[in-house]
Amino acid sequence: MDTDSSGSNGGDSPSEDADPVPDDLSEDFGSDEIDATGSGSVDDTGSESIEEMLLEFDEQAGLIRDRSLLDPNYIVEEDRIVGRGEQLQEVTKMLRVALGDNRPPNLFLYGPSGTGKSLITKAVCENISNICEQRDIRFGTIEVNCQDLNTLGIAVYELAERAATEAGVEVQVPKHGVATKEKWDDLYRIVDENFDSVVFVLDELDMLVGRRDKQEPAFSRLLYQLTRSGAIDDLDAHISVVAISNDTKMMESVGSRALSSFTPEDVHFDDYDANQLQAILRRRQDAFYDGVLSDDVIPLAAAFAAQTHGDARKAIDLMRVAGELAEREGDSSVGEEHVRNAQEKVEKNRVLEVVRGISTQKKLCLYATAAVADETDDGTARSTTGYQVYQFLTDTIGVDQYHQETYVNKMKELTTYSLVDFERRSHGPSSGMFLEFQFAERPDTILDTLREDSRIEMVSADEVQSVVKAQLRNET
């Protein structure tokens, strides 16, 4: 959870005010009309019961045959992995030494979200595990996503839990109330007693920052402890680390001690282009029944995903949501209109997922900047103009107001969510330097989502628009 220095963190979660039930509605519901099983009739006008509706929906001809293929996190067969031949070969070559009961090198996989980093790591490790089992080598893959882990102690406990689950044993220390060293000791105990070789897969590692009063981020300390585990005399198991990050500059924040012990092999994952995304979707189109996908579904879904950093997860999600929308509407096929509707829904859902966890101050910074971008021809926003709108918002709502430098820093922090990016600009000696922000999603989608926060919803959207237009006219 982000905590701002102003201490103003109220209103982060959208409030949902339930509408009161009209008095005349009570006449439509008799106490004996819905039994404990929910199979009674809702009213006496002949409408279907819940059970009847469920059975009717269940009997409808579905369009999706295998929903697992439309899950971006599902480990697909090797022939479905496309556009990543070079990276697949590199990761395979470096991790294959585990087949000889040797320690593989540490790896650092970096590149934009949805470019196959986690998919390839999981696929390679799963194949290694299968071969090692045949050779009586106890190989384990301990994977954790660091996005929701806020301290080093929690991260170590999570690794211990995952290792224990993989080995079919129990963790012997509590999650809270003990020193982190005790958690490390139990993690090493589980690994040493149950495995010959373990690969720790640390996904989105750069998100594990930890306490802000620590000079070294938590992910650096985690890397140091894991990669120096070979120096522990009573630890016989081989331990390797695969660090995965969207942040290409993550290694710059790793401390010198950790960097010295980690010394990874780097594997870069670049964006998928539209053709590669089409190939990925075509390898998964058998998730649908034959003949239900119209010809324009895959090219359109790939084109939408290519616009936002070539994200394969988004492309797969778009096709899944399009199919689900078509099913709910009772259509016999999935067409272009379903993909366009899915695009709007997926964009909003993604933005909502991001903004739910950020502070009110960050929401205000983001809202002000998106409001500016929504009014410009190229969809960008200058930091100087965004700050003027931010000041209007904070004055209107009555919350603490950051200085411009802090506003800029908060916007920079939001780049870690792949929601916004920036470039340093200047329009001549008289205008000075400023940052120009660009959005990965449509600014109007971001605005609509942020307005679900009750405090932001208090501010008139028309007033904000007027302020934005006035500030844009003042730009030099």
# chains A, B, ... in the order shown; residues from 1 in each chain; ligands from 1

$ residues_around --residues "A:Asp378" --least-positions-apart "6" --cutoff "12 Å" --atoms "only C-alpha atoms" --output "list in words"
Val372, Glu436, Phe437, Gln438, Phe439, Arg442 and Pro443 of chain A

$ closest_atom_pairs --of "stretch 378-439 of chain A" --to "stretch 449-459 of chain A" --cutoff "9 Å" --atoms "only C-alpha atoms" --output "JSON lines"
{"residue": "A:Leu393", "atom": "CA", "partner": "A:Val459", "partner_atom": "CA", "distance": 7.4}
{"residue": "A:Thr396", "atom": "CA", "partner": "A:Val459", "partner_atom": "CA", "distance": 7.0}
{"residue": "A:Ile397", "atom": "CA", "partner": "A:Arg455", "partner_atom": "CA", "distance": 7.0}

$ residues_around --residues "A:Ile239" --least-positions-apart "6" --cutoff "7 Å" --atoms "only C-alpha atoms" --output "mmCIF file with C-alpha atoms, in the first residue's frame"
data_model
loop_
_atom_site.group_PDB
_atom_site.id
_atom_site.type_symbol
_atom_site.label_atom_id
_atom_site.label_comp_id
_atom_site.auth_asym_id
_atom_site.auth_seq_id
_atom_site.Cartn_x
_atom_site.Cartn_y
_atom_site.Cartn_z
ATOM 1 C CA ARG A 103 23.373 -25.746 -10.400
ATOM 2 C CA SER A 197 18.004 -28.606 -7.052
ATOM 3 C CA VAL A 198 15.621 -25.636 -6.866
ATOM 4 C CA VAL A 199 14.972 -22.714 -9.181
#

$ residues_around --residues "stretch 276-284 of chain A" --least-positions-apart "3" --cutoff "8 Å" --atoms "only C-alpha atoms" --output "list in words"
Leu69, Leu70, Arg80, Ile81, Val82, Gly83, Tyr272, Asp273, Ala287, Ile298, Pro299, Ala302, Ala305, Ala306, Gly310, Ala312, Ala315 and Ile316 of chain A

$ closest_atom_pairs --of "stretch 160-237 of chain A" --to "stretch 104-127 of chain A" --cutoff "12 Å" --atoms "only C-alpha atoms" --output "JSON lines"
{"residue": "A:Ser197", "atom": "CA", "partner": "A:Pro104", "partner_atom": "CA", "distance": 9.0}
{"residue": "A:Val198", "atom": "CA", "partner": "A:Pro104", "partner_atom": "CA", "distance": 9.3}
{"residue": "A:Val199", "atom": "CA", "partner": "A:Cys125", "partner_atom": "CA", "distance": 8.2}
{"residue": "A:Phe200", "atom": "CA", "partner": "A:Asn106", "partner_atom": "CA", "distance": 9.4}
{"residue": "A:Val201", "atom": "CA", "partner": "A:Thr121", "partner_atom": "CA", "distance": 8.0}
{"residue": "A:Leu202", "atom": "CA", "partner": "A:Ser118", "partner_atom": "CA", "distance": 9.5}
{"residue": "A:Asp203", "atom": "CA", "partner": "A:Ser118", "partner_atom": "CA", "distance": 7.2}
{"residue": "A:Glu204", "atom": "CA", "partner": "A:Ser113", "partner_atom": "CA", "distance": 9.4}
{"residue": "A:Leu205", "atom": "CA", "partner": "A:Phe108", "partner_atom": "CA", "distance": 10.1}
{"residue": "A:Asp206", "atom": "CA", "partner": "A:Tyr110", "partner_atom": "CA", "distance": 10.6}
{"residue": "A:Leu223", "atom": "CA", "partner": "A:Asn106", "partner_atom": "CA", "distance": 10.2}
{"residue": "A:Tyr224", "atom": "CA", "partner": "A:Asn106", "partner_atom": "CA", "distance": 11.9}
{"residue": "A:Leu226", "atom": "CA", "partner": "A:Asn106", "partner_atom": "CA", "distance": 10.5}
{"residue": "A:Thr227", "atom": "CA", "partner": "A:Asn106", "partner_atom": "CA", "distance": 8.2}
{"residue": "A:Arg228", "atom": "CA", "partner": "A:Asn106", "partner_atom": "CA", "distance": 11.5}
{"residue": "A:Ala237", "atom": "CA", "partner": "A:Pro104", "partner_atom": "CA", "distance": 11.9}

$ write_last_selection --atoms "N, CA, C and O atoms" --output "PDB file, in the first residue's frame"
ATOM      1  N   SER A 197      17.790 -29.856  -6.324  1.00  0.00           N
ATOM      2  CA  SER A 197      18.004 -28.606  -7.052  1.00  0.00           C
ATOM      3  C   SER A 197      16.703 -27.820  -7.097  1.00  0.00           C
ATOM      4  O   SER A 197      15.631 -28.395  -7.302  1.00  0.00           O
ATOM      5  N   VAL A 198      16.800 -26.500  -6.873  1.00  0.00           N
ATOM      6  CA  VAL A 198      15.621 -25.636  -6.866  1.00  0.00           C
ATOM      7  C   VAL A 198      15.901 -24.381  -7.683  1.00  0.00           C
ATOM      8  O   VAL A 198      16.984 -23.796  -7.588  1.00  0.00           O
ATOM      9  N   VAL A 199      14.924 -23.995  -8.487  1.00  0.00           N
ATOM     10  CA  VAL A 199      14.972 -22.714  -9.181  1.00  0.00           C
ATOM     11  C   VAL A 199      13.896 -21.819  -8.572  1.00  0.00           C
ATOM     12  O   VAL A 199      12.706 -22.162  -8.595  1.00  0.00           O
ATOM     13  N   PHE A 200      14.308 -20.709  -7.989  1.00  0.00           N
ATOM     14  CA  PHE A 200      13.366 -19.717  -7.474  1.00  0.00           C
ATOM     15  C   PHE A 200      13.032 -18.737  -8.599  1.00  0.00           C
ATOM     16  O   PHE A 200      13.934 -18.077  -9.130  1.00  0.00           O
ATOM     17  N   VAL A 201      11.758 -18.660  -8.950  1.00  0.00           N
ATOM     18  CA  VAL A 201      11.305 -17.748  -9.998  1.00  0.00           C
ATOM     19  C   VAL A 201      10.630 -16.562  -9.315  1.00  0.00           C
ATOM     20  O   VAL A 201       9.561 -16.708  -8.712  1.00  0.00           O
ATOM     21  N   LEU A 202      11.263 -15.401  -9.383  1.00  0.00           N
ATOM     22  CA  LEU A 202      10.769 -14.200  -8.704  1.00  0.00           C
ATOM     23  C   LEU A 202      10.180 -13.259  -9.745  1.00  0.00           C
ATOM     24  O   LEU A 202      10.896 -12.465 -10.367  1.00  0.00           O
ATOM     25  N   ASP A 203       8.873 -13.363  -9.953  1.00  0.00           N
ATOM     26  CA  ASP A 203       8.198 -12.573 -10.981  1.00  0.00           C
ATOM     27  C   ASP A 203       7.896 -11.167 -10.456  1.00  0.00           C
ATOM     28  O   ASP A 203       7.557 -10.998  -9.279  1.00  0.00           O
ATOM     29  N   GLU A 204       8.017 -10.182 -11.343  1.00  0.00           N
ATOM     30  CA  GLU A 204       7.797  -8.772 -10.990  1.00  0.00           C
ATOM     31  C   GLU A 204       8.605  -8.401  -9.741  1.00  0.00           C
ATOM     32  O   GLU A 204       8.108  -7.739  -8.822  1.00  0.00           O
ATOM     33  N   LEU A 205       9.856  -8.807  -9.741  1.00  0.00           N
ATOM     34  CA  LEU A 205      10.710  -8.641  -8.561  1.00  0.00           C
ATOM     35  C   LEU A 205      10.882  -7.176  -8.180  1.00  0.00           C
ATOM     36  O   LEU A 205      10.998  -6.840  -6.997  1.00  0.00           O
ATOM     37  N   ASP A 206      10.901  -6.281  -9.156  1.00  0.00           N
ATOM     38  CA  ASP A 206      11.126  -4.859  -8.867  1.00  0.00           C
ATOM     39  C   ASP A 206      10.033  -4.253  -8.003  1.00  0.00           C
ATOM     40  O   ASP A 206      10.212  -3.178  -7.421  1.00  0.00           O
ATOM     41  N   LEU A 223      17.671 -11.031  -3.172  1.00  0.00           N
ATOM     42  CA  LEU A 223      18.621 -11.620  -4.123  1.00  0.00           C
ATOM     43  C   LEU A 223      19.926 -11.996  -3.431  1.00  0.00           C
ATOM     44  O   LEU A 223      20.498 -13.067  -3.689  1.00  0.00           O
ATOM     45  N   TYR A 224      20.395 -11.126  -2.545  1.00  0.00           N
ATOM     46  CA  TYR A 224      21.653 -11.393  -1.857  1.00  0.00           C
ATOM     47  C   TYR A 224      21.573 -12.671  -1.033  1.00  0.00           C
ATOM     48  O   TYR A 224      22.458 -13.543  -1.112  1.00  0.00           O
ATOM     49  N   LEU A 226      19.388 -15.230  -1.227  1.00  0.00           N
ATOM     50  CA  LEU A 226      19.155 -16.444  -2.008  1.00  0.00           C
ATOM     51  C   LEU A 226      20.404 -16.886  -2.760  1.00  0.00           C
ATOM     52  O   LEU A 226      20.724 -18.075  -2.820  1.00  0.00           O
ATOM     53  N   THR A 227      21.110 -15.914  -3.348  1.00  0.00           N
ATOM     54  CA  THR A 227      22.230 -16.286  -4.211  1.00  0.00           C
ATOM     55  C   THR A 227      23.504 -16.603  -3.441  1.00  0.00           C
ATOM     56  O   THR A 227      24.431 -17.182  -4.009  1.00  0.00           O
ATOM     57  N   ARG A 228      23.544 -16.239  -2.161  1.00  0.00           N
ATOM     58  CA  ARG A 228      24.711 -16.615  -1.359  1.00  0.00           C
ATOM     59  C   ARG A 228      24.433 -17.873  -0.537  1.00  0.00           C
ATOM     60  O   ARG A 228      25.250 -18.275   0.287  1.00  0.00           O
ATOM     61  N   ALA A 237      21.526 -28.710  -1.334  1.00  0.00           N
ATOM     62  CA  ALA A 237      20.729 -28.494  -2.543  1.00  0.00           C
ATOM     63  C   ALA A 237      21.291 -27.336  -3.365  1.00  0.00           C
ATOM     64  O   ALA A 237      21.817 -26.363  -2.822  1.00  0.00           O
TER      65      ALA A 237
END

$ closest_residue --among "A:Thr445, A:Gln87, A:Gln401, A:Ser129" --to "A:Gln343" --atoms "only C-alpha atoms"
A:Thr445

$ closest_residue --among "A:Val420, A:Leu208, A:Lys348, A:Gln404" --to "A:Asp148" --atoms "only C-alpha atoms"
A:Leu208

$ select_by_dssp --residues "stretch 265-327 of chain A" --states "alpha helix (DSSP H)" --output "MDAnalysis selection string"
chainID A and resid 274:282 297:307 312:327

$ atom_distance --atom1 "atom CA of A:Ser68" --atom2 "atom CA of A:Val297"
18.9 Å

$ atom_distance --atom1 "atom CA of A:Arg162" --atom2 "atom CA of A:Cys132"
19.4 Å

$ atom_distance --atom1 "atom CA of A:Val464" --atom2 "atom CA of A:Arg382"
16.1 Å

$ select_by_dssp --residues "stretch 190-364 of chain A" --states "strand (DSSP E or B)" --output "list in words"
Ser197, Val198, Val199, Phe200, Val201, Leu202, Asp203, His238, Ile239, Ser240, Val241, Val242, Ala243, Ile244, Ser245, Glu265, Asp266, Val267, His268, Phe288, Leu293 and Val334 of chain A

$ write_last_selection --atoms "C-alpha atoms" --output "tab-separated table (two decimals), in the first residue's frame"
chain	number	residue	atom	x	y	z
A	197	SER	CA	18.00	-28.61	-7.05
A	198	VAL	CA	15.62	-25.64	-6.87
A	199	VAL	CA	14.97	-22.71	-9.18
A	200	PHE	CA	13.37	-19.72	-7.47
A	201	VAL	CA	11.30	-17.75	-10.00
A	202	LEU	CA	10.77	-14.20	-8.70
A	203	ASP	CA	8.20	-12.57	-10.98
A	238	HIS	CA	21.59	-26.39	-5.58
A	239	ILE	CA	19.77	-23.03	-5.61
A	240	SER	CA	19.33	-20.79	-8.65
A	241	VAL	CA	17.31	-17.62	-9.14
A	242	VAL	CA	15.35	-16.42	-12.16
A	243	ALA	CA	14.50	-12.75	-11.63
A	244	ILE	CA	11.75	-11.39	-13.90
A	245	SER	CA	11.00	-7.69	-14.29
A	265	GLU	CA	22.77	-14.07	-17.42
A	266	ASP	CA	20.51	-11.50	-19.08
A	267	VAL	CA	17.71	-12.41	-21.49
A	268	HIS	CA	15.82	-9.55	-23.13
A	288	PHE	CA	-13.41	-22.10	-29.50
A	293	LEU	CA	-14.76	-17.06	-34.80
A	334	VAL	CA	-17.86	-14.07	-32.21

$ closest_residue --among "A:Asp317, A:Asp444, A:Asp421, A:Glu216" --to "A:Ala368" --atoms "only C-alpha atoms"
A:Asp444

$ closest_residue --among "A:Thr415, A:Asn409, A:Thr380, A:Thr394" --to "A:Leu472" --atoms "only C-alpha atoms"
A:Thr380

$ residues_around --residues "A:His338" --least-positions-apart "3" --cutoff "7 Å" --atoms "only C-alpha atoms" --output "MDAnalysis selection string"
chainID A and resid 322 325:326 334:335 341:342
